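Q: File follows, final09.cif with mmCIF, C-alpha atoms:
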data_my_file
#
loop_
_atom_site.label_atom_id
_atom_site.label_comp_id
_atom_site.auth_asym_id
_atom_site.auth_seq_id
_atom_site.Cartn_x
_atom_site.Cartn_y
_atom_site.Cartn_z
CA ARG Q 30 70.04 94.34 110.60
CA VAL Q 31 71.25 93.35 107.14
CA ASN Q 32 73.23 94.92 104.30
CA LEU Q 33 72.43 94.48 100.63
CA TYR Q 34 75.17 93.41 98.24
CA HIS Q 35 75.04 94.60 94.63
CA ILE Q 36 77.54 92.61 92.53
CA PRO Q 37 76.09 92.06 89.03
CA PRO Q 38 79.08 90.12 87.58
CA VAL Q 39 78.46 87.35 90.14
CA ALA Q 40 74.76 87.60 90.94
CA VAL Q 41 73.72 88.34 87.32
CA VAL Q 42 70.54 89.99 88.62
CA GLY Q 43 71.31 93.44 90.02
CA ILE Q 44 69.66 95.51 92.74
CA THR Q 45 68.02 98.66 91.38
CA PRO Q 46 67.55 101.89 93.35
CA ALA Q 47 63.78 101.37 93.04
CA LEU Q 48 64.10 97.92 94.65
CA VAL Q 49 66.13 99.38 97.50
CA GLU Q 50 63.39 101.93 98.13
CA ARG Q 51 60.73 99.20 98.10
CA LEU Q 52 62.69 97.05 100.56
CA LEU Q 53 63.21 99.98 102.93
CA LYS Q 54 59.47 100.64 102.97
CA ALA Q 55 58.53 96.97 103.31
CA TYR Q 56 61.07 96.20 106.08
CA PRO Q 57 61.60 99.39 108.11
CA GLY Q 58 64.57 99.30 110.45
CA THR Q 59 65.86 96.05 108.96
CA ILE Q 60 68.27 97.18 106.21
CA ALA Q 61 71.29 99.18 107.37
CA GLY Q 62 72.94 99.80 104.02
CA MET Q 63 74.50 98.22 100.97
CA LYS Q 64 77.74 97.48 99.22
CA ASP Q 65 77.91 98.37 95.53
CA SER Q 66 80.57 96.38 93.67
CA SER Q 67 79.25 97.13 90.19
CA GLY Q 68 81.98 99.65 89.36
CA ASP Q 69 79.28 101.83 87.81
CA LEU Q 70 79.84 105.26 89.35
CA GLU Q 71 76.65 106.74 87.88
CA GLY Q 72 74.73 103.80 89.32
CA THR Q 73 76.30 104.40 92.74
CA LYS Q 74 75.18 108.03 92.58
CA LYS Q 75 71.61 106.87 91.89
CA TYR Q 76 71.66 104.74 95.04
CA LEU Q 77 72.95 107.66 97.06
CA ALA Q 78 70.18 109.89 95.73
CA ALA Q 79 67.47 107.32 96.43
CA VAL Q 80 68.23 106.35 100.04
CA PRO Q 81 67.85 108.24 103.35
CA LYS Q 82 70.92 109.82 104.96
CA ASP Q 83 71.20 107.11 107.63
CA PHE Q 84 71.44 104.40 104.95
CA THR Q 85 75.12 103.47 104.48
CA VAL Q 86 76.37 102.98 100.91
CA LEU Q 87 79.81 101.37 100.61
CA THR Q 88 81.74 100.91 97.39
CA GLY Q 89 83.38 97.61 96.48
CA ALA Q 90 85.08 98.98 93.36
CA GLY Q 91 88.77 99.70 93.96
CA GLY Q 92 89.08 101.28 90.53
CA LYS Q 93 86.43 103.86 91.48
CA LEU Q 94 87.33 104.40 95.13
CA ALA Q 95 88.16 108.12 95.05
CA PRO Q 96 85.18 109.24 92.93
CA SER Q 97 82.81 106.98 94.88
CA LEU Q 98 83.90 108.50 98.19
CA ALA Q 99 83.65 111.98 96.69
CA ALA Q 100 80.10 111.19 95.53
CA GLY Q 101 79.04 110.35 99.08
CA CYS Q 102 79.88 106.71 99.84
CA ALA Q 103 80.53 106.24 103.55
CA GLY Q 104 83.43 103.87 103.02
CA ALA Q 105 84.61 100.83 101.10
CA VAL Q 106 85.10 97.07 101.30
CA LEU Q 107 87.77 96.32 98.69
CA ALA Q 108 89.42 93.11 97.55
CA ILE Q 109 92.44 95.09 96.32
CA ALA Q 110 92.96 96.44 99.87
CA ASN Q 111 94.16 92.95 100.85
CA SER Q 112 97.34 93.50 98.82
CA LEU Q 113 97.68 97.31 98.94
CA PRO Q 114 95.94 98.47 102.12
CA TYR Q 115 97.93 101.65 102.63
CA VAL Q 116 97.19 103.03 99.16
CA CYS Q 117 93.47 102.56 99.80
CA ILE Q 118 93.75 104.17 103.23
CA THR Q 119 95.61 107.12 101.70
CA ILE Q 120 92.77 107.69 99.22
CA TRP Q 121 90.25 107.53 102.07
CA GLU Q 122 92.23 109.99 104.19
CA ALA Q 123 92.74 112.40 101.28
CA THR Q 124 89.00 112.39 100.63
CA ARG Q 125 88.26 113.04 104.32
CA GLN Q 126 90.65 116.00 104.24
CA ARG Q 127 88.89 117.31 101.10
CA GLU Q 128 92.09 116.96 99.10
CA ALA Q 129 90.46 115.88 95.85
CA GLU Q 130 93.58 116.20 93.69
CA ALA Q 131 95.60 114.05 96.09
CA ALA Q 132 92.86 111.42 96.21
CA GLU Q 133 92.70 111.26 92.41
CA ASP Q 134 96.50 111.11 92.18
CA TRP Q 135 96.57 108.09 94.48
CA GLN Q 136 93.68 106.56 92.56
CA GLN Q 137 95.81 106.67 89.41
CA ARG Q 138 98.69 105.05 91.31
CA LEU Q 139 96.34 102.23 92.30
CA LYS Q 140 95.28 101.63 88.69
CA PRO Q 141 98.00 99.05 87.78
CA ALA Q 142 96.83 96.91 90.70
CA THR Q 143 93.11 97.22 89.95
CA ASP Q 144 93.84 96.37 86.30
CA MET Q 145 95.70 93.29 87.53
CA PHE Q 146 92.76 92.20 89.65
CA ALA Q 147 90.38 92.71 86.74
CA ALA Q 148 92.60 90.58 84.50
CA HIS Q 149 93.52 87.74 86.90
CA GLY Q 150 90.75 87.72 89.52
CA ILE Q 151 91.05 86.07 92.93
CA PRO Q 152 94.09 83.87 92.02
CA GLY Q 153 95.93 87.00 90.90
CA LEU Q 154 94.97 88.89 94.04
CA LYS Q 155 96.18 86.05 96.28
CA HIS Q 156 99.51 85.91 94.48
CA ALA Q 157 99.86 89.69 94.82
CA MET Q 158 99.23 89.35 98.56
CA ASP Q 159 102.03 86.79 98.80
CA LEU Q 160 104.37 89.12 96.90
CA MET Q 161 103.58 92.05 99.20
CA GLY Q 162 104.38 90.05 102.33
CA TYR Q 163 100.84 89.05 103.30
CA PHE Q 164 99.46 85.52 103.18
CA GLY Q 165 97.20 84.99 100.17
CA GLY Q 166 97.63 81.26 99.85
CA PRO Q 167 96.07 79.08 97.16
CA PRO Q 168 92.55 79.87 95.95
CA ARG Q 169 89.72 77.48 96.67
CA LEU Q 170 88.56 75.09 93.98
CA PRO Q 171 87.38 75.34 91.26
CA LEU Q 172 89.84 78.28 91.00
CA VAL Q 173 93.50 77.39 90.49
CA PRO Q 174 96.67 79.35 91.30
CA ALA Q 175 97.93 81.89 88.78
CA GLY Q 176 100.24 80.39 86.14
CA PRO Q 177 103.87 81.48 85.49
CA ALA Q 178 102.99 84.15 82.89
CA ALA Q 179 100.27 85.58 85.10
CA GLN Q 180 102.60 85.54 88.13
CA ALA Q 181 105.20 87.55 86.19
CA GLU Q 182 102.64 90.14 85.14
CA ILE Q 183 101.23 90.34 88.67
CA ALA Q 184 104.72 90.81 90.13
CA LEU Q 185 105.39 93.65 87.70
CA ARG Q 186 102.04 95.36 88.36
CA ALA Q 187 102.32 94.97 92.14
CA THR Q 188 105.84 96.39 92.14
CA ASP Q 189 104.72 99.21 89.84
CA ALA Q 190 101.96 100.15 92.30
CA ALA Q 191 104.34 99.94 95.28
CA ALA Q 192 106.92 102.15 93.53
CA GLN Q 193 104.25 104.71 92.68
CA LYS Q 194 103.16 104.73 96.32
CA LEU Q 195 106.75 105.69 97.26
CA GLY Q 196 106.95 108.23 94.44
CA ALA Q 197 109.95 106.38 92.99
CA LYS Q 198 110.83 106.34 89.27
CA VAL Q 199 112.35 102.95 88.58
CA ALA Q 200 112.80 100.12 86.13
CA ILE Q 201 111.01 96.92 87.16
CA VAL Q 202 112.36 93.53 86.15
CA VAL Q 203 110.94 90.01 86.49
CA VAL Q 204 113.34 87.12 85.92
CA GLN Q 205 113.19 83.33 85.97
CA HIS Q 206 114.93 81.28 88.68
CA SER Q 207 117.85 81.03 86.26
CA GLY Q 208 118.04 84.82 86.00
CA GLU Q 209 116.74 84.99 82.44
CA LEU Q 210 114.63 88.06 81.72
CA VAL Q 211 110.86 87.51 81.60
CA MET Q 212 109.36 90.98 81.79
CA LEU Q 213 110.58 94.57 82.00
CA LYS Q 214 108.99 97.98 82.53
CA ARG Q 215 110.75 101.33 82.84
CA GLN Q 216 108.43 103.83 84.47
CA ASP Q 217 107.87 107.24 82.92
CA GLY Q 218 110.51 109.60 84.26
CA ALA Q 219 112.98 106.86 85.20
CA SER Q 220 116.50 107.31 83.81
CA TYR Q 221 117.64 104.96 81.06
CA GLY Q 222 120.41 103.65 83.30
CA THR Q 223 117.88 102.12 85.68
CA THR Q 224 117.08 99.42 83.13
CA ASP Q 225 120.56 97.85 83.07
CA ALA Q 226 120.93 98.30 86.82
CA ALA Q 227 117.59 96.59 87.52
CA ILE Q 228 118.38 93.62 85.26
CA ALA Q 229 121.80 93.16 86.87
CA LYS Q 230 120.40 93.38 90.41
CA ALA Q 231 117.58 90.95 89.65
CA ARG Q 232 119.92 88.39 88.08
CA THR Q 233 122.45 88.69 90.91
CA ALA Q 234 119.79 88.31 93.60
CA THR Q 235 118.20 85.32 91.83
CA ARG Q 236 121.40 83.43 91.08
CA PHE Q 237 122.86 83.96 94.56
CA ARG Q 238 119.46 83.41 96.22
CA ARG Q 239 119.97 86.59 98.22
CA ASP Q 240 118.25 89.97 98.46
CA SER Q 241 120.29 92.33 96.26
CA LYS Q 242 120.63 94.87 99.09
CA VAL Q 243 122.73 92.42 101.17
CA ILE Q 244 125.13 91.50 98.36
#
Would you mind giving the structure from this file in structure tokens?

A:
Amino acid sequence: RVNLYHIPPVAVVGITPALVERLLKAYPGTIAGMKDSSGDLEGTKKYLAAVPKDFTVLTGAGGKLAPSLAAGCAGAVLAIANSLPYVCITIWEATRQREAEAAEDWQQRLKPATDMFAAHGIPGLKHAMDLMGYFGGPPRLPLVPAGPAAQAEIALRATDAAAQKLGAKVAIVVVQHSGELVMLKRQDGASYGTTDAAIAKARTATRFRRDSKVI
């Protein structure tokens, strides 16, 4: 059996609900389901309304995970889950437990990471995986690794998402190998003192080539 894959940004030509219905009638027992990576929640709902109950609809849109699951998607196949798997699992579990507010709260915590992926694509995602302790590695040609400015932004966004997962209110600092400041974000609710502390810790860790917690 096969699964359909609806990804308009790549395929250009999309799969309509009417086409899905035609294929199901023309090839009974052949198509098990589909993955919808369009990010169009209303479009996902149209698929769900058009197909039989044993037809599996999965979402591929990390930025719409919670509402897609709430609408009836059976699950998800997400690129962003490669760098932040536990946040995605938490949204899934909250939806299963019918805790809609919790699912939406975690969806908002995932937003910095999904915004990063939208801005920097596969190279950005691979760098985020490396930062989070997974192996992303270099992208395949013709894609090239994220540049220094993109790496700094990705580091900030990935750390932001990780801090939100922990419920921490912190200042996030990205520095050069020399310790010079590149990027800074103080999260809403973080005390003003966290900014100076974060800069000092980042510079100390960089210049001594040690994790700040062991110094």

Q: The PyMOL selection byres ((chain Q and resi 59-70) around 8) - which residues does that actually catch in the file I just gave you? List them as a PyMOL selection string.

A: chain Q and resi 30-38+52-53+56-58+71-74+83-90+92-93+96-97+105-106

Q: Generate the output file for the selected residues, C-alpha atoms, as a PDB file, in the frame of the given file.

A:
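Written out: again_15.pdb:
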ATOM      1  CA  ARG Q  30      70.040  94.340 110.600  1.00  0.00           C
ATOM      2  CA  VAL Q  31      71.250  93.350 107.140  1.00  0.00           C
ATOM      3  CA  ASN Q  32      73.230  94.920 104.300  1.00  0.00           C
ATOM      4  CA  LEU Q  33      72.430  94.480 100.630  1.00  0.00           C
ATOM      5  CA  TYR Q  34      75.170  93.410  98.240  1.00  0.00           C
ATOM      6  CA  HIS Q  35      75.040  94.600  94.630  1.00  0.00           C
ATOM      7  CA  ILE Q  36      77.540  92.610  92.530  1.00  0.00           C
ATOM      8  CA  PRO Q  37      76.090  92.060  89.030  1.00  0.00           C
ATOM      9  CA  PRO Q  38      79.080  90.120  87.580  1.00  0.00           C
ATOM     10  CA  LEU Q  52      62.690  97.050 100.560  1.00  0.00           C
ATOM     11  CA  LEU Q  53      63.210  99.980 102.930  1.00  0.00           C
ATOM     12  CA  TYR Q  56      61.070  96.200 106.080  1.00  0.00           C
ATOM     13  CA  PRO Q  57      61.600  99.390 108.110  1.00  0.00           C
ATOM     14  CA  GLY Q  58      64.570  99.300 110.450  1.00  0.00           C
ATOM     15  CA  GLU Q  71      76.650 106.740  87.880  1.00  0.00           C
ATOM     16  CA  GLY Q  72      74.730 103.800  89.320  1.00  0.00           C
ATOM     17  CA  THR Q  73      76.300 104.400  92.740  1.00  0.00           C
ATOM     18  CA  LYS Q  74      75.180 108.030  92.580  1.00  0.00           C
ATOM     19  CA  ASP Q  83      71.200 107.110 107.630  1.00  0.00           C
ATOM     20  CA  PHE Q  84      71.440 104.400 104.950  1.00  0.00           C
ATOM     21  CA  THR Q  85      75.120 103.470 104.480  1.00  0.00           C
ATOM     22  CA  VAL Q  86      76.370 102.980 100.910  1.00  0.00           C
ATOM     23  CA  LEU Q  87      79.810 101.370 100.610  1.00  0.00           C
ATOM     24  CA  THR Q  88      81.740 100.910  97.390  1.00  0.00           C
ATOM     25  CA  GLY Q  89      83.380  97.610  96.480  1.00  0.00           C
ATOM     26  CA  ALA Q  90      85.080  98.980  93.360  1.00  0.00           C
ATOM     27  CA  GLY Q  92      89.080 101.280  90.530  1.00  0.00           C
ATOM     28  CA  LYS Q  93      86.430 103.860  91.480  1.00  0.00           C
ATOM     29  CA  PRO Q  96      85.180 109.240  92.930  1.00  0.00           C
ATOM     30  CA  SER Q  97      82.810 106.980  94.880  1.00  0.00           C
ATOM     31  CA  ALA Q 105      84.610 100.830 101.100  1.00  0.00           C
ATOM     32  CA  VAL Q 106      85.100  97.070 101.300  1.00  0.00           C
TER      33      VAL Q 106
END

Q: At a cut-off of 12 Å from (96.2, 78.1, 95.6) in the coordinates of the file, what residues are picked up using all atoms listed in the file, written as a list of chain:residue names?

A: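 The residues that fall inside the cut-off are Q:Ile151, Q:Pro152, Q:Gly153, Q:Leu154, Q:Lys155, Q:His156, Q:Asp159, Q:Phe164, Q:Gly165, Q:Gly166, Q:Pro167, Q:Pro168, Q:Arg169, Q:Leu170, Q:Pro171, Q:Leu172, Q:Val173, Q:Pro174, Q:Ala175, Q:Gly176.
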
Q: Which one is closest to Tyr221 of chain Q: Q:Cys117, Q:Ala179, Q:Lys198, Q:Gln136? Count only C-alpha atoms.

A: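 With only C-alpha atoms as the atom set, the closest residue is Q:Lys198.
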
Q: Report as a list in words all protein, DNA and RNA residues lying within 8 Å of Trp135 of chain Q, evaluated on all atoms listed in the file, omitting residues in the same chain fewer than 4 positions from it.

A: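 Skipping anything fewer than 4 positions along the chain leaves Val116, Thr119, Ile120, Ala131, Leu139 and Lys194 of chain Q.
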
Q: Could you jot down the atom CA of Glu133 of chain Q to atom CA of Tyr76 of chain Q separation for me, Å, one decimal place?

A: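 Rounded to one decimal, the two atoms are 22.2 Å apart.
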
Q: If we count all atoms listed in the file and set the cut-off at 9 Å, which residues sit around segment 225-234 of chain Q, ignoring sequence neighbours fewer than 5 positions away in its own chain? Please answer as a compact mmCIF listing (two decimals) with C-alpha atoms, in the frame of the given file.

A:
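selection-v4.txt, freshly written:
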# COMPACT_ATOMS: atom_id res chain seq x y z
CA VAL Q 199 112.35 102.95 88.58
CA ALA Q 200 112.80 100.12 86.13
CA ILE Q 201 111.01 96.92 87.16
CA VAL Q 202 112.36 93.53 86.15
CA VAL Q 203 110.94 90.01 86.49
CA VAL Q 204 113.34 87.12 85.92
CA GLN Q 205 113.19 83.33 85.97
CA HIS Q 206 114.93 81.28 88.68
CA SER Q 207 117.85 81.03 86.26
CA GLY Q 208 118.04 84.82 86.00
CA GLU Q 209 116.74 84.99 82.44
CA LEU Q 210 114.63 88.06 81.72
CA LEU Q 213 110.58 94.57 82.00
CA ARG Q 239 119.97 86.59 98.22
CA ASP Q 240 118.25 89.97 98.46
CA SER Q 241 120.29 92.33 96.26
CA LYS Q 242 120.63 94.87 99.09
CA ILE Q 244 125.13 91.50 98.36
